[in-house]
file model26.txt (compact mmCIF, C-alpha atoms)
# COMPACT_ATOMS: atom_id res chain seq x y z
CA MET A 884 -7.81 -75.88 35.83
CA LEU A 885 -11.06 -73.98 35.36
CA SER A 886 -11.18 -71.05 32.99
CA ARG A 887 -11.78 -67.69 34.59
CA LEU A 888 -15.33 -67.66 33.23
CA GLU A 889 -16.02 -71.09 34.76
CA SER A 890 -14.56 -69.86 38.05
CA LEU A 891 -16.90 -66.87 37.92
CA ARG A 892 -19.89 -69.07 37.10
CA GLY A 893 -19.05 -71.29 40.06
CA GLU A 894 -18.85 -68.30 42.38
CA VAL A 895 -22.17 -66.92 41.17
CA ILE A 896 -23.86 -70.31 41.69
CA ARG A 897 -22.32 -70.55 45.18
CA LEU A 898 -23.63 -67.07 46.05
CA ILE A 899 -27.10 -67.94 44.78
CA TYR A 900 -27.33 -71.14 46.83
CA ASN A 901 -25.83 -69.51 49.93
CA ASN A 902 -27.92 -66.33 49.84
CA CYS A 903 -31.21 -67.11 48.16
CA PRO A 904 -31.67 -70.86 47.55
CA ASN A 905 -35.44 -70.49 47.30
CA GLU A 906 -35.02 -68.08 44.38
CA SER A 907 -32.42 -70.13 42.50
CA HIS A 908 -35.11 -71.10 39.96
CA TYR A 909 -35.28 -67.41 38.98
CA PHE A 910 -31.67 -66.25 39.31
CA ILE A 911 -29.87 -69.13 37.61
CA PRO A 912 -31.80 -69.02 34.33
CA HIS A 913 -31.91 -65.21 34.31
CA LEU A 914 -28.20 -64.63 34.97
CA TYR A 915 -27.17 -67.41 32.58
CA GLY A 916 -29.70 -66.21 29.98
CA VAL A 917 -28.46 -62.63 30.10
CA SER A 918 -24.87 -63.90 29.97
CA SER A 919 -25.63 -65.95 26.85
CA PHE A 920 -27.39 -63.04 25.16
CA CYS A 921 -24.34 -60.90 26.03
CA VAL A 922 -22.13 -63.38 24.19
CA LEU A 923 -24.41 -63.36 21.15
CA LEU A 924 -24.49 -59.57 21.01
CA ALA A 925 -20.74 -59.29 21.64
CA LYS A 926 -20.03 -61.55 18.68
CA ARG A 927 -22.41 -59.51 16.52
CA ARG A 928 -20.93 -56.18 17.64
CA GLY A 929 -17.25 -57.13 17.63
CA LEU A 930 -16.79 -57.00 21.43
CA ASP A 931 -15.01 -59.44 23.72
CA ALA A 932 -17.46 -62.31 24.28
CA GLU A 933 -15.89 -63.54 27.51
CA LEU A 934 -15.94 -60.08 29.06
CA ALA A 935 -19.55 -59.70 27.91
CA ALA A 936 -20.47 -63.05 29.51
CA ALA A 937 -19.05 -61.86 32.83
CA CYS A 938 -21.18 -58.70 32.63
CA GLY A 939 -24.30 -60.81 32.21
CA LEU A 940 -23.45 -63.16 35.06
CA LEU A 941 -22.94 -60.29 37.49
CA HIS A 942 -25.59 -57.78 36.46
CA ASP A 943 -28.07 -58.67 39.25
CA ILE A 944 -25.53 -59.85 41.80
CA TYR A 945 -26.65 -57.30 44.41
CA GLN A 946 -30.13 -58.81 44.39
CA VAL A 947 -28.52 -62.20 44.99
CA THR A 948 -26.26 -61.07 47.82
CA HIS A 949 -28.53 -58.50 49.49
CA GLY A 950 -32.06 -59.61 48.58
CA THR A 951 -33.26 -56.27 47.28
CA ILE A 952 -33.75 -54.57 43.94
CA ASN A 953 -33.32 -51.09 45.48
CA ASN A 954 -30.37 -49.39 43.77
CA HIS A 955 -29.19 -52.85 42.75
CA ALA A 956 -27.31 -51.72 39.66
CA VAL A 957 -25.02 -49.18 41.35
CA ASN A 958 -24.57 -51.31 44.47
CA GLY A 959 -24.08 -54.38 42.31
CA ALA A 960 -21.08 -52.76 40.64
CA VAL A 961 -19.31 -52.70 44.01
CA VAL A 962 -20.14 -56.35 44.69
CA ALA A 963 -19.05 -57.30 41.16
CA GLU A 964 -15.69 -55.60 41.68
CA GLU A 965 -15.18 -57.47 44.96
CA ILE A 966 -15.99 -60.83 43.34
CA LEU A 967 -13.75 -60.23 40.33
CA ARG A 968 -10.83 -59.14 42.49
CA ALA A 969 -11.29 -62.17 44.76
CA ILE A 970 -11.24 -64.53 41.78
CA GLY A 971 -8.03 -62.86 40.68
CA HIS A 972 -8.17 -63.53 36.94
CA TYR A 973 -9.37 -60.13 35.75
CA SER A 974 -7.33 -57.01 35.02
CA GLU A 975 -8.28 -53.68 36.58
CA GLU A 976 -9.48 -52.46 33.17
CA GLU A 977 -11.69 -55.52 32.72
CA ILE A 978 -13.08 -55.06 36.23
CA ARG A 979 -13.83 -51.43 35.43
CA VAL A 980 -15.67 -52.32 32.21
CA ILE A 981 -17.76 -55.03 33.91
CA ALA A 982 -18.54 -52.93 36.99
CA THR A 983 -19.51 -49.92 34.86
CA ALA A 984 -21.86 -52.04 32.75
CA VAL A 985 -23.44 -53.51 35.89
CA SER A 986 -23.86 -50.03 37.38
CA LYS A 987 -25.71 -48.72 34.31
CA HIS A 988 -27.80 -51.71 33.24
CA SER A 989 -31.02 -50.37 34.79
CA LYS A 990 -30.90 -47.14 32.79
CA LYS A 991 -32.60 -48.62 29.75
CA ARG A 992 -33.63 -45.26 28.26
CA LYS A 993 -30.12 -43.74 28.36
CA PHE A 994 -27.17 -44.52 26.12
CA HIS A 995 -23.67 -45.25 27.39
CA GLU A 996 -20.56 -47.18 26.35
CA PRO A 997 -20.64 -50.36 24.20
CA TYR A 998 -20.52 -52.92 27.04
CA ASP A 999 -23.11 -50.94 29.01
CA GLU A 1000 -25.45 -51.01 26.01
CA LEU A 1001 -24.73 -54.66 25.34
CA LEU A 1002 -25.71 -55.59 28.92
CA LYS A 1003 -28.88 -53.49 28.81
CA ASP A 1004 -29.84 -55.11 25.51
CA ALA A 1005 -29.14 -58.64 26.77
CA ASP A 1006 -31.22 -57.98 29.89
CA VAL A 1007 -34.11 -56.78 27.70
CA LEU A 1008 -33.82 -59.87 25.50
CA ASP A 1009 -33.99 -62.17 28.49
CA HIS A 1010 -36.92 -60.27 30.03
CA SER A 1011 -38.76 -60.31 26.70
CA LEU A 1012 -38.02 -63.81 25.46
CA HIS A 1013 -38.08 -65.78 28.72
CA ASN A 1014 -41.87 -65.79 28.52
CA PRO A 1015 -42.82 -64.68 25.01
CA ASN A 1016 -46.50 -64.40 25.93
CA HIS A 1017 -45.91 -61.58 28.44
CA PRO A 1018 -46.07 -58.00 27.19
CA ILE A 1019 -42.82 -56.09 26.80
CA ILE A 1020 -42.14 -53.72 29.71
CA ASP A 1021 -42.86 -50.12 28.63
CA LYS A 1022 -39.39 -48.82 29.47
CA GLU A 1023 -37.89 -51.66 27.39
CA LYS A 1024 -40.13 -51.46 24.28
CA LEU A 1025 -37.97 -49.19 22.12
CA ARG A 1026 -34.81 -51.11 22.99
CA TYR A 1027 -36.58 -54.41 22.24
CA GLU A 1028 -37.86 -53.16 18.87
CA ASN A 1029 -34.36 -51.96 17.91
CA LEU A 1030 -32.90 -55.32 18.93
CA MET A 1031 -35.40 -57.20 16.79
CA ILE A 1032 -34.37 -55.06 13.82
CA GLU A 1033 -30.66 -55.56 14.58
CA LEU A 1034 -31.12 -59.33 14.83
CA GLY A 1035 -33.41 -59.53 11.78
CA CYS A 1036 -36.34 -60.90 13.81
CA SER A 1037 -40.05 -60.26 13.80
CA ARG A 1038 -41.15 -57.88 16.56
CA ASP A 1039 -44.27 -59.97 17.20
call {"tool": "encode", "arguments": {"input": "model26.txt", "output": "structure tokens"}}
result
Amino acid sequence: MLSRLESLRGEVIRLIYNNCPNESHYFIPHLYGVSSFCVLLAKRRGLDAELAAACGLLHDIYQVTHGTINNHAVNGAVVAEEILRAIGHYSEEEIRVIATAVSKHSKKRKFHEPYDELLKDADVLDHSLHNPNHPIIDKEKLRYENLMIELGCSRD
């Protein structure tokens, strides 16, 4: 039997191939990258790594299912809840934590709860490290610099 995280990964992959197969080369590495960075940060910050991984997998799910970035964080929270309930392996509290993190992940300049911050930080890491030759997005610079300090890395 698949773990609940593997079930979620399978559902996300199915949604990508059913809704936007021509963009799978973007969504698969980004969602998996953010999910992996979520696990890393969760372990560093003493949060539940599996719950963090689910946040990362679902953070851009509205873009996958609806093909638009417009209000994708808030609308994505609703889609994430639907997916998690359909899978059936997540408690209502876990669904709330994941959906809340998804809903707030675009607000990079505001501070919220630990899983919200973890998801924002993981998204910034993936944006910044996926192509290290690209400049850091202005709204993500401060968060990126703080992450480099937290992780003991050079900011260059």
call {"tool": "residues_around", "arguments": {"input": "model26.txt", "residues": "Val961 (chain A)", "least_positions_apart": "2", "cutoff": "12 Å", "atoms": "only C-alpha atoms", "output": "VMD selection string"}}
result
chain A and resid 941 to 945 948 954 to 959 963 to 968 978 to 979 981 to 986
call {"tool": "atom_distance", "arguments": {"input": "model26.txt", "atom1": "CA of Lys1003 (chain A)", "atom2": "CA of Lys1022 (chain A)"}}
result
11.5 Å
call {"tool": "closest_residue", "arguments": {"input": "model26.txt", "among": "A:Leu1012, A:Ile1020, A:Ala1005, A:Cys903", "to": "Ala936 (chain A)", "atoms": "only C-alpha atoms"}}
result
A:Ala1005
call {"tool": "residues_around", "arguments": {"input": "model26.txt", "residues": "Asp1009 (chain A)", "least_positions_apart": "2", "cutoff": "12 Å", "atoms": "all atoms listed in the file", "output": "ChimeraX atom specification"}}
result
/A:909-910,912-921,939,1002-1007,1011-1015,1017,1019-1020,1023,1027,1030
call {"tool": "closest_atom_pairs", "arguments": {"input": "model26.txt", "of": "region 902-981 of chain A", "to": "region 991-999 of chain A", "cutoff": "8 Å", "atoms": "all atoms listed in the file", "output": "tab-separated table"}}
result
residue	atom	partner	partner_atom	distance
A:Leu930	CA	A:Tyr998	CA	7.9
A:Ala935	CA	A:Tyr998	CA	6.9
A:Val980	CA	A:Tyr998	CA	7.1
A:Ile981	CA	A:Tyr998	CA	7.7
call {"tool": "write_last_selection", "arguments": {"input": "model26.txt", "atoms": "C-alpha atoms", "output": "compact mmCIF listing (two decimals), keeping the file's coordinate frame"}}
result
# COMPACT_ATOMS: atom_id res chain seq x y z
CA LEU A 930 -16.79 -57.00 21.43
CA ALA A 935 -19.55 -59.70 27.91
CA VAL A 980 -15.67 -52.32 32.21
CA ILE A 981 -17.76 -55.03 33.91
call {"tool": "closest_residue", "arguments": {"input": "model26.txt", "among": "A:Glu977, A:Leu1001, A:Lys1024, A:Lys990", "to": "Lys926 (chain A)", "atoms": "only C-alpha atoms"}}
result
A:Leu1001
call {"tool": "atom_distance", "arguments": {"input": "model26.txt", "atom1": "CA of Glu906 (chain A)", "atom2": "CA of Ala925 (chain A)"}}
result
28.3 Å
call {"tool": "atom_distance", "arguments": {"input": "model26.txt", "atom1": "CA of Ala937 (chain A)", "atom2": "CA of Leu888 (chain A)"}}
result
6.9 Å
call {"tool": "closest_residue", "arguments": {"input": "model26.txt", "among": "A:Glu889, A:Leu924, A:Asn901, A:Leu934", "to": "Glu976 (chain A)", "atoms": "only C-alpha atoms"}}
result
A:Leu934
call {"tool": "build_atoms", "arguments": {"input": "model26.txt", "residues": "region 936-947 of chain A", "atoms": "all heavy atoms", "output": "CSV table (one decimal), in the coordinates of the input"}}
result
chain,number,residue,atom,x,y,z
A,936,ALA,N,-19.8,-62.0,28.7
A,936,ALA,CA,-20.5,-63.0,29.5
A,936,ALA,C,-20.4,-62.7,31.0
A,936,ALA,O,-21.3,-62.9,31.7
A,936,ALA,CB,-19.8,-64.4,29.2
A,937,ALA,N,-19.2,-62.2,31.4
A,937,ALA,CA,-19.0,-61.9,32.8
A,937,ALA,C,-20.0,-60.7,33.2
A,937,ALA,O,-20.6,-60.8,34.3
A,937,ALA,CB,-17.6,-61.5,33.1
A,938,CYS,N,-20.2,-59.8,32.3
A,938,CYS,CA,-21.2,-58.7,32.6
A,938,CYS,C,-22.6,-59.3,32.9
A,938,CYS,O,-23.2,-58.9,33.9
A,938,CYS,CB,-21.3,-57.7,31.4
A,938,CYS,SG,-19.8,-56.7,31.1
A,939,GLY,N,-23.0,-60.2,32.1
A,939,GLY,CA,-24.3,-60.8,32.2
A,939,GLY,C,-24.4,-61.6,33.5
A,939,GLY,O,-25.5,-61.5,34.2
A,940,LEU,N,-23.4,-62.4,33.8
A,940,LEU,CA,-23.4,-63.2,35.1
A,940,LEU,C,-23.6,-62.3,36.3
A,940,LEU,O,-24.2,-62.7,37.3
A,940,LEU,CB,-22.2,-64.0,35.2
A,940,LEU,CG,-22.1,-65.3,34.3
A,940,LEU,CD1,-20.7,-65.9,34.4
A,940,LEU,CD2,-23.2,-66.3,34.7
A,941,LEU,N,-23.0,-61.1,36.3
A,941,LEU,CA,-22.9,-60.3,37.5
A,941,LEU,C,-24.0,-59.2,37.5
A,941,LEU,O,-24.0,-58.5,38.5
A,941,LEU,CB,-21.5,-59.7,37.6
A,941,LEU,CG,-20.4,-60.7,37.9
A,941,LEU,CD1,-19.1,-60.1,37.8
A,941,LEU,CD2,-20.6,-61.4,39.3
A,942,HIS,N,-24.8,-59.0,36.5
A,942,HIS,CA,-25.6,-57.8,36.5
A,942,HIS,C,-26.6,-57.6,37.6
A,942,HIS,O,-26.9,-56.5,38.0
A,942,HIS,CB,-26.3,-57.6,35.1
A,942,HIS,CG,-27.5,-58.4,34.9
A,942,HIS,ND1,-27.5,-59.8,34.7
A,942,HIS,CD2,-28.8,-58.0,34.9
A,942,HIS,CE1,-28.7,-60.2,34.6
A,942,HIS,NE2,-29.6,-59.2,34.7
A,943,ASP,N,-27.1,-58.7,38.1
A,943,ASP,CA,-28.1,-58.7,39.2
A,943,ASP,C,-27.5,-59.2,40.5
A,943,ASP,O,-28.2,-59.7,41.4
A,943,ASP,CB,-29.4,-59.4,38.9
A,943,ASP,CG,-30.3,-58.6,38.0
A,943,ASP,OD1,-30.1,-57.4,37.9
A,943,ASP,OD2,-31.2,-59.2,37.4
A,944,ILE,N,-26.2,-59.2,40.7
A,944,ILE,CA,-25.5,-59.8,41.8
A,944,ILE,C,-25.9,-59.2,43.1
A,944,ILE,O,-25.9,-59.9,44.2
A,944,ILE,CB,-24.0,-59.9,41.6
A,944,ILE,CG1,-23.4,-61.0,42.5
A,944,ILE,CG2,-23.3,-58.5,41.8
A,944,ILE,CD1,-23.8,-62.4,42.1
A,945,TYR,N,-26.2,-57.9,43.2
A,945,TYR,CA,-26.6,-57.3,44.4
A,945,TYR,C,-28.0,-57.9,44.9
A,945,TYR,O,-28.2,-58.0,46.1
A,945,TYR,CB,-26.7,-55.8,44.2
A,945,TYR,CG,-26.9,-55.1,45.6
A,945,TYR,CD1,-25.8,-54.8,46.4
A,945,TYR,CD2,-28.2,-54.6,46.0
A,945,TYR,CE1,-26.0,-54.2,47.6
A,945,TYR,CE2,-28.3,-53.9,47.2
A,945,TYR,CZ,-27.2,-53.7,48.0
A,945,TYR,OH,-27.4,-53.1,49.2
A,946,GLN,N,-28.9,-58.2,44.0
A,946,GLN,CA,-30.1,-58.8,44.4
A,946,GLN,C,-29.8,-60.2,45.0
A,946,GLN,O,-30.5,-60.6,46.0
A,946,GLN,CB,-31.0,-59.0,43.2
A,946,GLN,CG,-31.7,-57.7,42.7
A,946,GLN,CD,-32.6,-58.0,41.5
A,946,GLN,OE1,-32.1,-57.7,40.4
A,946,GLN,NE2,-33.7,-58.5,41.7
A,947,VAL,N,-28.9,-60.9,44.5
A,947,VAL,CA,-28.5,-62.2,45.0
A,947,VAL,C,-27.9,-62.1,46.4
A,947,VAL,O,-28.3,-62.8,47.3
A,947,VAL,CB,-27.5,-62.9,44.0
A,947,VAL,CG1,-26.9,-64.1,44.7
A,947,VAL,CG2,-28.2,-63.3,42.7
